[in-house]
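Enquirer: Would you mind keeping the following structure in view while I ask a few things?
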Amino acid sequence: MPSATQTDAFARQLRARLATAVDVDDAARLVRADLEPILGAFTPEQEEDFAAAIESVRATIRPVEILRVNSMFRVRQQWYRGPAEGDRHWPALRSYLVDSKGWSAETVDERIGAASNEIVSLLENPSTESFACRGLVIGHVQSGKTANMTAVIAKAVDAGYNLVIILAGLTNKLRRQTQSRMRKDLVDRLRDRWELRTSEDDQGDFRMPPNGGFPAPAEGVVQLAVVKKNVAPLGQLLATLDRTLPAVLRRLRVLIIDDECDQASVNTASGEYDMTRINENIRLILKKFPANSYVGYTATPFANVLINPFPVNGGELDDLYPKDFITALPTPDGYFGTERLFGRPPADADAPLPEEEGLDMIRDIEEDEITLLQPPSRAEKDAFQPRMPSSLEDAVLYFLASCAARRFRGQADTHMSMLIHTSAYVIMHDRLATLVKAWLEVIGDQLGDSSSALCQRMLALWDAEQLRIPAGVCPHPHVTSERLLPFIPAVLEALEVPVENGVSEDRIDYDGAPKTYIVVGGSILARGLTIEGLCVSYFLRTSSQYDTLLQMGRWFGYRPNYEEMPRIWMTEALSTAFRSLALIEAEIREDVAEYAIRHNTPMEFAVRVRSIPGMAITAASKMRSAVLTDVSYAGKHVQTIRFDHHDQRIVQTNWNAASNLMTQATDLGLRSADQASVLYEGVPGRLIVQFLRAYSVQASHRELSADFLLGYLDASGDSQKTWSVGVVQPRVGPVAAEPLGGLGPVRLSTRSRLNRPEDFADIKALMSKRDVLFDCGAAGNGVPSGDWSELKTARAGIVGQVPLLLLYPIDRASQPRPSSTERSPLDAIGDLVGFGIVFPGRAEGAGGYYSVVLEPPSADDLEEIEDEIAVQLEAGRAR
């Protein structure tokens with residue numbers, strides 16, 4: 001039986017060699033060549049261990065089934081099957097994480113490996129000649145998004161991408177931090193395979209190369225640029241592209257990673273037709289590359305999911321809406337996020353669920369204490385001197401005790417930090433830091449004296465806090481107060497109080513020896529910078545925007561081996577806001593997960609963001625394309641575009657539901673005298689409700705589920721109105737095998753299906769735009785062509801606030817046009833019937849959620865698109 005210890009040792013050496021070897025067998029040859037001169041020929045036991053190690057390493061790079069369970073995405077041909085033999089960068093990164101950084105192989109494979117496989121599989125295939133992919137990855141604040149990002153880069157490069165551009169932060173410090181991380185995790189592993197276009201120097205941002213343009217990519221070599229999101233370096237990058245030879249641009253396969261993509265990248269210009277310089281430069285850069293995949297990373301995606309998905313006014317520059325995929329990274333084990341710390345508003349106030357309550361780690365700052373720390377107004381800040389409130393004393397005392405407890409646990413070699421964030425004013429940071437230092441100097445001797453009142457206060461506070469967190473949150477038992485005193489002198493000796501605000505000189509520096517910090521800071525702490533070993537936060541900063549407030553929460557993250565110790569002091573109002581944000585975060589992730597299950601794409605169903613009274617989701621300039629909505633259909637049109645076409649029971653049930661409606665409407669004498677179309681007017685809403693209850697909507701149509709539709713009809717009163725009901729038929733076409741109830745024989749429309757692997761048929765579009773005017777009679781003929789909204793507005797002016805139901809009998813065969821390469825015959829088990837509904841009212845102001853408006857293409861649009869594709873293909877063949 002193989003020895004686990006010896007097998008693991010062999011596996012580490014194989015992984016290290018795999019980065020430069022051709023495949024696993026070549027790595028095994030190199031390892032054997034390294035070891036046999038030292039160990040001699042392998043013994044039978046060593047041969048067995050070596051074979052087991054080879055098999056374990058090979059198992060990590062076999063093709064895998066990528067389930068894409070965390071993503072909603074546009075279906076394309078699946079090209080990526082996971083790491084393969086011959087890959088260099090991912091094996092090197094994986095080896096580094098496991099062997100040098102101490103991560104378990106299970107954590108790397110399950111948390112980082114699987115998620116990065118999913119994201120890489122959603123990029124475009126780099127072997128394709130030209131492409132433009134847009135994606136969004138939603139992480140958590142301080143959750144290790146960079147580790148996922150690094151893994152995605154490594155695997156994408158292994159798969160064929162040869163230029164990586166990382167858009168990293170708004171400050172030099174954040175850009176350097178990212179550059180350093182990329183060097184340590186990626187470049188240093190395979191130095192000869194990377195060409196760096198930026199460096200870690202203060203002046204190391206992107207500059208035009210001496211020869212003016214990008215050089216031609218060398219075989220097996222990747223170019224890397226970490227660029228600050230600032231007009232000047234982005235302008236340098238754009239100028240470089242202008243001077244790059246077209247032949248070189250065509251050879252580049254570009255992966256652009258936009259870190260914190262909700263910051264600066266989103267267009268915030270005052271006019272819909274304008275662009276901010278940073279946003280415009282990013283869009284121009286993307287347009288220059290014939291083959292590019294853009295992936296935004298953020299923990300606060302509110303602005304990104306509210307971007308206008310369509311070019312404005314026929315413009316050539318697409319914005320950065322994630323039209324191809326949205327991935328919500330799962331919450332990692334051991335992560336302290338919004339919901340774990342704050343809980344969320346319970347569904348039932350009388351009986352909240354355990355997951356709704358959160359851990360008991362939040363402590364209140366009383367309103368009267370705020371006046372001791374914050375000036376009454378901006379004008380008074382220069383003369384204001386902060387004072388030490390009781391709550392801040394408690395927070396500092398608790399922090400000192402926690403440092404002693406961690407030293408008792410043998411964690412003296414780790415960073416330990418406290419954060420004080422009370423004001424945006426730089427002058428307040430220096431004064432508060434001075435106040436804290438002075439207080440510590442005065443009380444330092446008392447803390448080492450067990451008989452002093454202050455020491456007794458600290459120990460009593462510690463014991464009381466230990467009782468508030470149940471055992472099991474941390475793998476270690478609680479540390480009792482009598483264990484703390486021997487370690488207090490060492491804590492005070494190591495303690496520093498730096499100021500981190502972008503202009504201070506005495507700033508945090510976690511390189512080298514472990515640090516014990518009480519960090520006093522400002523806005524620079526609100527995004528990107530990590531406070532290592534953070535245990536205690538004292539937080540008074542406020543913001544009326546979701547994204548800003550969440551990003552200020554530097555306390556989110558991992559607290560290994562001190563999970564029960566973190567505490568946060570803040571006002572009750574802030575705590576309530578964070579609790580509401582926990583619900584919003586959870587809803588966004590639930591939306592993405594639900595849409596993934598239902599196979600909805602980002603262009604078919606918009607992610608919603610709940611609104612909180614008194615708070616803004618993000619800056620107003622980032623929300624121009626958002627509308628206030630709910631599970632509301634006011635002013636919208638919906639249509640069935642997916643069908644369970646091979647399920648005999650469902651196909652027949654739906655035909656019967658439509659037939660029954662036609663029979664009842666005919667028997668009531670509601671058919672219009674106009675023989676040009678089949679239209680019924682004044683149909684009671686109860687008959688529509690009966691039809692919708694009987695009709696079986698394909699499961700991926702979450703927005704058309706009976707619960708949603710019928711709930712809305714009841715709440716809006718549309719179920720009590722009379723409706724128009726039309727049957728849409730072509731002028732010529734085959735006749736259905738079965739009559740549509742009392743209407744009799746009907747002609748069938750052709751709707752072929754997209755080439756997709758699912759077991760249902762997706763026809764992409766059912767309704768044509770002019771169908772909106774179906775019940776307008778001759779008056780509708782005078783309405784000029786327009787978009788959906790214009791036509792619905794025109795209809796309301798003709799028929800008023802009358803809901804319209806349209807039935808579409810569909811030919812079971814439905815052959816695609818000969819020129820189509822995207823479609824296949826419908827091949828249903830029987831003739832289908834789909835429906836569309838045009839709801840009266842206005843989409844704006846219809847509820848408590850914001851989302852962008854995603855107008856689905858019409859059947860006419862699809863024909864034009866397919867004609868254009870056919871022409872392009874024919875032109876390509878002619879060349």
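Every chain in the structure tokens has a letter given in the order shown (A, B, ...), and although residue numbers restart at 1 in each chain, ligands are simply numbered from 1 in the order shown.
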Which residues, written as a ChimeraX atom specification, have at least one atom at most 8 Å from segment 641-656 of chain A, with only C-alpha atoms counted and residues fewer than 3 positions away on the same chain left out?

Expert: /A:659-660,694-698,700-701,740-741,759-766,826-834

Enquirer: Excluding same-chain residues fewer than 5 positions from Tyr562 of chain A, what lies within 10 Å of it counting only C-alpha atoms, as number ranges by chain?

Expert: A: 402, 405-406, 409, 411, 473-476, 478, 533, 535

Enquirer: Would you mind exporting all heavy atoms of the selected residues as a tab-separated table (two decimals), in the first residue's frame?

Expert:
```tsv
chain	number	residue	atom	x	y	z
A	402	SER	N	-8.04	40.66	22.63
A	402	SER	CA	-8.06	39.67	21.55
A	402	SER	C	-6.64	39.37	21.07
A	402	SER	O	-6.34	38.21	20.73
A	402	SER	CB	-8.92	40.17	20.38
A	402	SER	OG	-8.28	41.21	19.66
A	405	ALA	N	-5.22	37.01	23.52
A	405	ALA	CA	-5.81	35.69	23.35
A	405	ALA	C	-5.21	34.96	22.14
A	405	ALA	O	-4.94	33.76	22.19
A	405	ALA	CB	-7.32	35.81	23.20
A	406	ARG	N	-4.96	35.69	21.09
A	406	ARG	CA	-4.38	35.06	19.90
A	406	ARG	C	-2.92	34.67	20.17
A	406	ARG	O	-2.45	33.64	19.67
A	406	ARG	CB	-4.48	36.01	18.71
A	406	ARG	CG	-5.93	36.24	18.25
A	406	ARG	CD	-6.00	37.11	17.02
A	406	ARG	NE	-5.36	36.45	15.89
A	406	ARG	CZ	-5.09	37.05	14.73
A	406	ARG	NH1	-5.40	38.34	14.59
A	406	ARG	NH2	-4.51	36.40	13.76
A	409	ARG	N	-2.93	31.48	21.91
A	409	ARG	CA	-3.18	30.37	20.99
A	409	ARG	C	-1.97	30.08	20.08
A	409	ARG	O	-2.05	29.24	19.19
A	409	ARG	CB	-4.40	30.67	20.11
A	409	ARG	CG	-5.71	30.51	20.83
A	409	ARG	CD	-6.89	30.77	19.90
A	409	ARG	NE	-8.16	30.54	20.58
A	409	ARG	CZ	-9.34	30.87	20.10
A	409	ARG	NH1	-9.43	31.50	18.91
A	409	ARG	NH2	-10.45	30.61	20.77
A	411	GLN	N	-0.47	32.39	18.03
A	411	GLN	CA	-0.58	33.14	16.78
A	411	GLN	C	0.23	34.44	16.80
A	411	GLN	O	-0.09	35.39	16.08
A	411	GLN	CB	-2.05	33.43	16.48
A	411	GLN	CG	-2.90	32.18	16.31
A	411	GLN	CD	-4.39	32.47	16.27
A	411	GLN	OE1	-4.81	33.59	16.00
A	411	GLN	NE2	-5.21	31.46	16.55
A	473	VAL	N	-18.13	27.97	16.65
A	473	VAL	CA	-17.85	28.94	15.60
A	473	VAL	C	-16.37	28.88	15.24
A	473	VAL	O	-15.99	29.01	14.08
A	473	VAL	CB	-18.24	30.36	16.06
A	473	VAL	CG1	-17.77	31.41	15.07
A	473	VAL	CG2	-19.76	30.45	16.22
A	474	CYS	N	-15.52	28.66	16.24
A	474	CYS	CA	-14.08	28.53	16.05
A	474	CYS	C	-13.67	27.12	16.48
A	474	CYS	O	-14.24	26.57	17.44
A	474	CYS	CB	-13.35	29.58	16.89
A	474	CYS	SG	-11.54	29.49	16.78
A	475	PRO	N	-12.70	26.51	15.80
A	475	PRO	CA	-12.29	25.15	16.20
A	475	PRO	C	-11.59	25.12	17.55
A	475	PRO	O	-11.45	24.05	18.15
A	475	PRO	CB	-11.32	24.73	15.08
A	475	PRO	CG	-10.85	26.00	14.45
A	475	PRO	CD	-11.99	26.95	14.59
A	476	HIS	N	-11.14	26.26	18.07
A	476	HIS	CA	-10.45	26.30	19.36
A	476	HIS	C	-11.43	26.67	20.47
A	476	HIS	O	-12.40	27.40	20.25
A	476	HIS	CB	-9.33	27.34	19.33
A	476	HIS	CG	-8.32	27.10	18.26
A	476	HIS	ND1	-7.41	26.07	18.31
A	476	HIS	CD2	-8.08	27.75	17.09
A	476	HIS	CE1	-6.65	26.10	17.24
A	476	HIS	NE2	-7.04	27.11	16.48
A	478	HIS	N	-12.86	28.62	23.83
A	478	HIS	CA	-12.75	30.01	24.26
A	478	HIS	C	-11.52	30.19	25.16
A	478	HIS	O	-11.14	29.30	25.92
A	478	HIS	CB	-14.00	30.43	25.05
A	478	HIS	CG	-15.22	30.61	24.19
A	478	HIS	ND1	-15.18	31.27	23.00
A	478	HIS	CD2	-16.52	30.24	24.39
A	478	HIS	CE1	-16.40	31.29	22.47
A	478	HIS	NE2	-17.23	30.67	23.30
A	533	GLY	N	-5.43	40.49	9.24
A	533	GLY	CA	-5.70	40.07	10.61
A	533	GLY	C	-6.69	40.95	11.33
A	533	GLY	O	-6.65	41.09	12.56
A	535	CYS	N	-9.58	42.29	13.38
A	535	CYS	CA	-10.41	41.67	14.41
A	535	CYS	C	-11.47	42.61	14.93
A	535	CYS	O	-12.59	42.19	15.22
A	535	CYS	CB	-9.52	41.18	15.56
A	535	CYS	SG	-10.39	40.21	16.80
```

Enquirer: Calculated over only C-alpha atoms, which of the candidates A:Leu284, A:Val98, A:Ile165, A:Ala736 has the smallest distance to Ala225 of chain A?

Expert: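 Distance minimum relative to Ala225 of chain A lands on A:Ile165.
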
Enquirer: Go through segment 6-239 of chain A and collect every residue that DSSP, computed from the backbone, puts in alpha helix (DSSP H); the answer should be as a PyMOL selection string.

Expert: chain A and resi 6-18+24-39+44-59+89-95+105-107+114-122+145-159+172-185+231-239

Enquirer: For C-alpha atoms, I'd like the residues from the last selection saved as an mmCIF file, in the first residue's frame.

Expert:
```cif
data_model
loop_
_atom_site.group_PDB
_atom_site.id
_atom_site.type_symbol
_atom_site.label_atom_id
_atom_site.label_comp_id
_atom_site.auth_asym_id
_atom_site.auth_seq_id
_atom_site.Cartn_x
_atom_site.Cartn_y
_atom_site.Cartn_z
ATOM 1 C CA GLN A 6 6.067 9.659 0.434
ATOM 2 C CA THR A 7 3.316 9.932 -2.204
ATOM 3 C CA ASP A 8 2.634 13.557 -1.210
ATOM 4 C CA ALA A 9 6.350 14.377 -1.407
ATOM 5 C CA PHE A 10 6.577 12.871 -4.889
ATOM 6 C CA ALA A 11 3.402 14.719 -5.926
ATOM 7 C CA ARG A 12 4.868 18.077 -4.829
ATOM 8 C CA GLN A 13 7.965 17.484 -6.931
ATOM 9 C CA LEU A 14 5.870 16.391 -9.910
ATOM 10 C CA ARG A 15 3.707 19.518 -9.705
ATOM 11 C CA ALA A 16 6.800 21.711 -9.525
ATOM 12 C CA ARG A 17 8.264 20.021 -12.607
ATOM 13 C CA LEU A 18 4.950 20.013 -14.492
ATOM 14 C CA VAL A 24 2.856 14.344 -16.662
ATOM 15 C CA ASP A 25 5.035 11.565 -18.058
ATOM 16 C CA ASP A 26 7.742 14.080 -18.943
ATOM 17 C CA ALA A 27 7.512 15.572 -15.445
ATOM 18 C CA ALA A 28 7.891 12.064 -13.985
ATOM 19 C CA ARG A 29 11.005 11.512 -16.098
ATOM 20 C CA LEU A 30 12.523 14.783 -14.877
ATOM 21 C CA VAL A 31 11.732 14.060 -11.211
ATOM 22 C CA ARG A 32 13.260 10.587 -11.494
ATOM 23 C CA ALA A 33 16.356 12.130 -13.082
ATOM 24 C CA ASP A 34 16.578 14.577 -10.155
ATOM 25 C CA LEU A 35 16.189 11.962 -7.432
ATOM 26 C CA GLU A 36 17.944 8.804 -8.571
ATOM 27 C CA PRO A 37 21.464 10.311 -8.408
ATOM 28 C CA ILE A 38 20.697 11.072 -4.743
ATOM 29 C CA LEU A 39 18.494 8.143 -3.674
ATOM 30 C CA PRO A 44 9.611 -1.354 -4.999
ATOM 31 C CA GLU A 45 7.912 0.661 -2.235
ATOM 32 C CA GLN A 46 9.131 3.923 -3.738
ATOM 33 C CA GLU A 47 8.005 2.822 -7.193
ATOM 34 C CA GLU A 48 4.539 2.187 -5.784
ATOM 35 C CA ASP A 49 4.502 5.593 -4.079
ATOM 36 C CA PHE A 50 5.792 7.265 -7.254
ATOM 37 C CA ALA A 51 3.094 5.630 -9.389
ATOM 38 C CA ALA A 52 0.406 6.758 -6.917
ATOM 39 C CA ALA A 53 1.789 10.309 -7.052
ATOM 40 C CA ILE A 54 1.736 10.309 -10.868
ATOM 41 C CA GLU A 55 -1.881 9.146 -10.849
ATOM 42 C CA SER A 56 -2.923 11.778 -8.280
ATOM 43 C CA VAL A 57 -1.325 14.592 -10.322
ATOM 44 C CA ARG A 58 -2.799 13.282 -13.563
ATOM 45 C CA ALA A 59 -6.260 13.211 -11.960
ATOM 46 C CA HIS A 89 0.513 28.260 -15.844
ATOM 47 C CA TRP A 90 -2.304 26.635 -13.904
ATOM 48 C CA PRO A 91 -0.159 23.694 -12.699
ATOM 49 C CA ALA A 92 2.498 26.196 -11.587
ATOM 50 C CA LEU A 93 -0.074 28.361 -9.767
ATOM 51 C CA ARG A 94 -1.740 25.348 -8.169
ATOM 52 C CA SER A 95 1.613 24.043 -6.966
ATOM 53 C CA ALA A 105 -5.298 20.741 -2.366
ATOM 54 C CA GLU A 106 -9.022 20.236 -1.731
ATOM 55 C CA THR A 107 -9.569 23.976 -1.184
ATOM 56 C CA ALA A 114 -13.914 24.605 -10.188
ATOM 57 C CA ALA A 115 -15.039 28.254 -10.214
ATOM 58 C CA SER A 116 -12.234 29.349 -12.548
ATOM 59 C CA ASN A 117 -13.019 26.427 -14.889
ATOM 60 C CA GLU A 118 -16.575 27.712 -15.123
ATOM 61 C CA ILE A 119 -15.520 31.270 -15.940
ATOM 62 C CA VAL A 120 -12.890 30.268 -18.513
ATOM 63 C CA SER A 121 -15.450 28.048 -20.232
ATOM 64 C CA LEU A 122 -17.660 31.140 -20.642
ATOM 65 C CA LYS A 145 -11.696 37.424 -5.715
ATOM 66 C CA THR A 146 -8.062 37.963 -6.704
ATOM 67 C CA ALA A 147 -7.303 34.264 -6.251
ATOM 68 C CA ASN A 148 -10.117 33.403 -8.655
ATOM 69 C CA MET A 149 -8.992 36.118 -11.052
ATOM 70 C CA THR A 150 -5.427 34.790 -11.020
ATOM 71 C CA ALA A 151 -6.630 31.246 -11.684
ATOM 72 C CA VAL A 152 -8.789 32.452 -14.588
ATOM 73 C CA ILE A 153 -5.791 34.241 -16.092
ATOM 74 C CA ALA A 154 -3.566 31.181 -15.701
ATOM 75 C CA LYS A 155 -6.076 28.863 -17.372
ATOM 76 C CA ALA A 156 -6.983 31.349 -20.113
ATOM 77 C CA VAL A 157 -3.305 31.758 -20.963
ATOM 78 C CA ASP A 158 -2.859 27.985 -21.040
ATOM 79 C CA ALA A 159 -5.835 27.851 -23.414
ATOM 80 C CA ASN A 172 -0.971 53.945 -7.595
ATOM 81 C CA LYS A 173 -1.011 51.892 -4.394
ATOM 82 C CA LEU A 174 -3.835 49.647 -5.584
ATOM 83 C CA ARG A 175 -2.237 49.239 -9.015
ATOM 84 C CA ARG A 176 1.120 48.314 -7.459
ATOM 85 C CA GLN A 177 -0.633 45.904 -5.091
ATOM 86 C CA THR A 178 -2.214 44.092 -8.036
ATOM 87 C CA GLN A 179 1.034 44.113 -10.040
ATOM 88 C CA SER A 180 2.872 42.601 -7.073
ATOM 89 C CA ARG A 181 0.215 39.915 -6.636
ATOM 90 C CA MET A 182 0.389 38.951 -10.313
ATOM 91 C CA ARG A 183 4.175 38.764 -10.161
ATOM 92 C CA LYS A 184 4.218 36.574 -7.064
ATOM 93 C CA ASP A 185 1.401 34.255 -8.137
ATOM 94 C CA VAL A 231 -7.279 58.766 -18.227
ATOM 95 C CA ALA A 232 -3.509 59.124 -18.760
ATOM 96 C CA PRO A 233 -2.409 55.455 -18.716
ATOM 97 C CA LEU A 234 -5.527 54.358 -20.595
ATOM 98 C CA GLY A 235 -4.727 57.037 -23.169
ATOM 99 C CA GLN A 236 -1.189 55.650 -23.449
ATOM 100 C CA LEU A 237 -2.616 52.178 -24.027
ATOM 101 C CA LEU A 238 -5.007 53.503 -26.663
ATOM 102 C CA ALA A 239 -2.206 55.393 -28.423
#
```

Enquirer: Kindly give the distance, in Å, that separates atom CA of Pro375 of chain A and atom CA of Thr171 of chain A, rounded to a single decimal.

Expert: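 For atom CA of Pro375 of chain A relative to atom CA of Thr171 of chain A, the distance reads 27.8 Å.
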
Enquirer: Just the residues within 7 Å of Cys261 of chain A, please, counting only C-alpha atoms, with nothing from its chain fewer than 2 positions along; format it as a PyMOL selection string.

Expert: chain A and resi 258-259+263+265+296-298

Enquirer: When distances are computed from only C-alpha atoms, which of A:Leu461, A:Ala490, A:Thr821, A:Thr422 shows the smallest separation from Gly444 of chain A?

Expert: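 Using only C-alpha atoms, Gly444 of chain A sits closest to A:Ala490.
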
Enquirer: Using Å and a single decimal, report how far atom CA of Ser749 of chain A sits from atom CA of Phe691 of chain A.

Expert: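 Atom CA of Ser749 of chain A lies 20.9 Å from atom CA of Phe691 of chain A.
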
Enquirer: For the atom pair atom CA of Pro684 of chain A and atom CA of Ala715 of chain A, what is the interatomic distance in Å to one decimal place?

Expert: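 These two atoms are separated by 16.5 Å.
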
Enquirer: With DSSP run on the backbone, what are the strand (DSSP E) residues within segment 259-501 of chain A? I'd like them as an NGL selection string.

Expert: :A and (259 or 291-298 or 325-328 or 335-336 or 362-364 or 416-421 or 495-496 or 499-500)

Enquirer: Neighbours of Arg378 of chain A within 12 Å (only C-alpha atoms; same-chain residues fewer than 6 positions away dropped), as a ChimeraX atom specification?

Expert: /A:384,423-428

Enquirer: Include all heavy atoms and write out the residues we just selected as an mmCIF file, in the first residue's frame.

Expert:
```cif
data_model
loop_
_atom_site.group_PDB
_atom_site.id
_atom_site.type_symbol
_atom_site.label_atom_id
_atom_site.label_comp_id
_atom_site.auth_asym_id
_atom_site.auth_seq_id
_atom_site.Cartn_x
_atom_site.Cartn_y
_atom_site.Cartn_z
ATOM 1 N N PHE A 384 -12.169 71.469 15.405
ATOM 2 C CA PHE A 384 -12.753 70.391 16.206
ATOM 3 C C PHE A 384 -11.654 69.470 16.749
ATOM 4 O O PHE A 384 -10.749 69.055 16.016
ATOM 5 C CB PHE A 384 -13.726 69.577 15.357
ATOM 6 C CG PHE A 384 -14.412 68.470 16.105
ATOM 7 C CD1 PHE A 384 -15.496 68.748 16.922
ATOM 8 C CD2 PHE A 384 -13.965 67.155 16.008
ATOM 9 C CE1 PHE A 384 -16.132 67.733 17.617
ATOM 10 C CE2 PHE A 384 -14.600 66.133 16.695
ATOM 11 C CZ PHE A 384 -15.689 66.432 17.507
ATOM 12 N N SER A 423 -14.319 59.336 9.968
ATOM 13 C CA SER A 423 -14.480 60.608 9.268
ATOM 14 C C SER A 423 -13.788 60.565 7.914
ATOM 15 O O SER A 423 -12.820 59.825 7.720
ATOM 16 C CB SER A 423 -13.879 61.750 10.103
ATOM 17 O OG SER A 423 -13.891 62.966 9.389
ATOM 18 N N ALA A 424 -14.288 61.393 7.002
ATOM 19 C CA ALA A 424 -13.640 61.534 5.697
ATOM 20 C C ALA A 424 -12.547 62.592 5.718
ATOM 21 O O ALA A 424 -11.757 62.688 4.782
ATOM 22 C CB ALA A 424 -14.680 61.891 4.642
ATOM 23 N N TYR A 425 -12.488 63.379 6.777
ATOM 24 C CA TYR A 425 -11.556 64.495 6.828
ATOM 25 C C TYR A 425 -10.165 64.032 7.268
ATOM 26 O O TYR A 425 -10.002 63.430 8.343
ATOM 27 C CB TYR A 425 -12.063 65.570 7.791
ATOM 28 C CG TYR A 425 -13.445 66.079 7.472
ATOM 29 C CD1 TYR A 425 -14.408 66.201 8.464
ATOM 30 C CD2 TYR A 425 -13.798 66.425 6.163
ATOM 31 C CE1 TYR A 425 -15.689 66.664 8.180
ATOM 32 C CE2 TYR A 425 -15.071 66.893 5.877
ATOM 33 C CZ TYR A 425 -16.007 66.997 6.875
ATOM 34 O OH TYR A 425 -17.268 67.453 6.589
ATOM 35 N N VAL A 426 -9.160 64.355 6.469
ATOM 36 C CA VAL A 426 -7.790 63.950 6.767
ATOM 37 C C VAL A 426 -7.331 64.510 8.111
ATOM 38 O O VAL A 426 -6.670 63.826 8.900
ATOM 39 C CB VAL A 426 -6.846 64.418 5.633
ATOM 40 C CG1 VAL A 426 -5.392 64.242 6.037
ATOM 41 C CG2 VAL A 426 -7.146 63.647 4.361
ATOM 42 N N ILE A 427 -7.685 65.753 8.403
ATOM 43 C CA ILE A 427 -7.247 66.368 9.656
ATOM 44 C C ILE A 427 -7.777 65.608 10.863
ATOM 45 O O ILE A 427 -7.125 65.531 11.918
ATOM 46 C CB ILE A 427 -7.666 67.863 9.698
ATOM 47 C CG1 ILE A 427 -6.958 68.582 10.835
ATOM 48 C CG2 ILE A 427 -9.186 68.006 9.800
ATOM 49 C CD1 ILE A 427 -7.180 70.086 10.826
ATOM 50 N N MET A 428 -8.949 65.004 10.730
ATOM 51 C CA MET A 428 -9.525 64.229 11.823
ATOM 52 C C MET A 428 -8.756 62.934 12.058
ATOM 53 O O MET A 428 -8.659 62.443 13.189
ATOM 54 C CB MET A 428 -10.997 63.898 11.519
ATOM 55 C CG MET A 428 -11.941 65.078 11.605
ATOM 56 S SD MET A 428 -12.039 65.752 13.281
ATOM 57 C CE MET A 428 -11.023 67.205 13.083
#
```
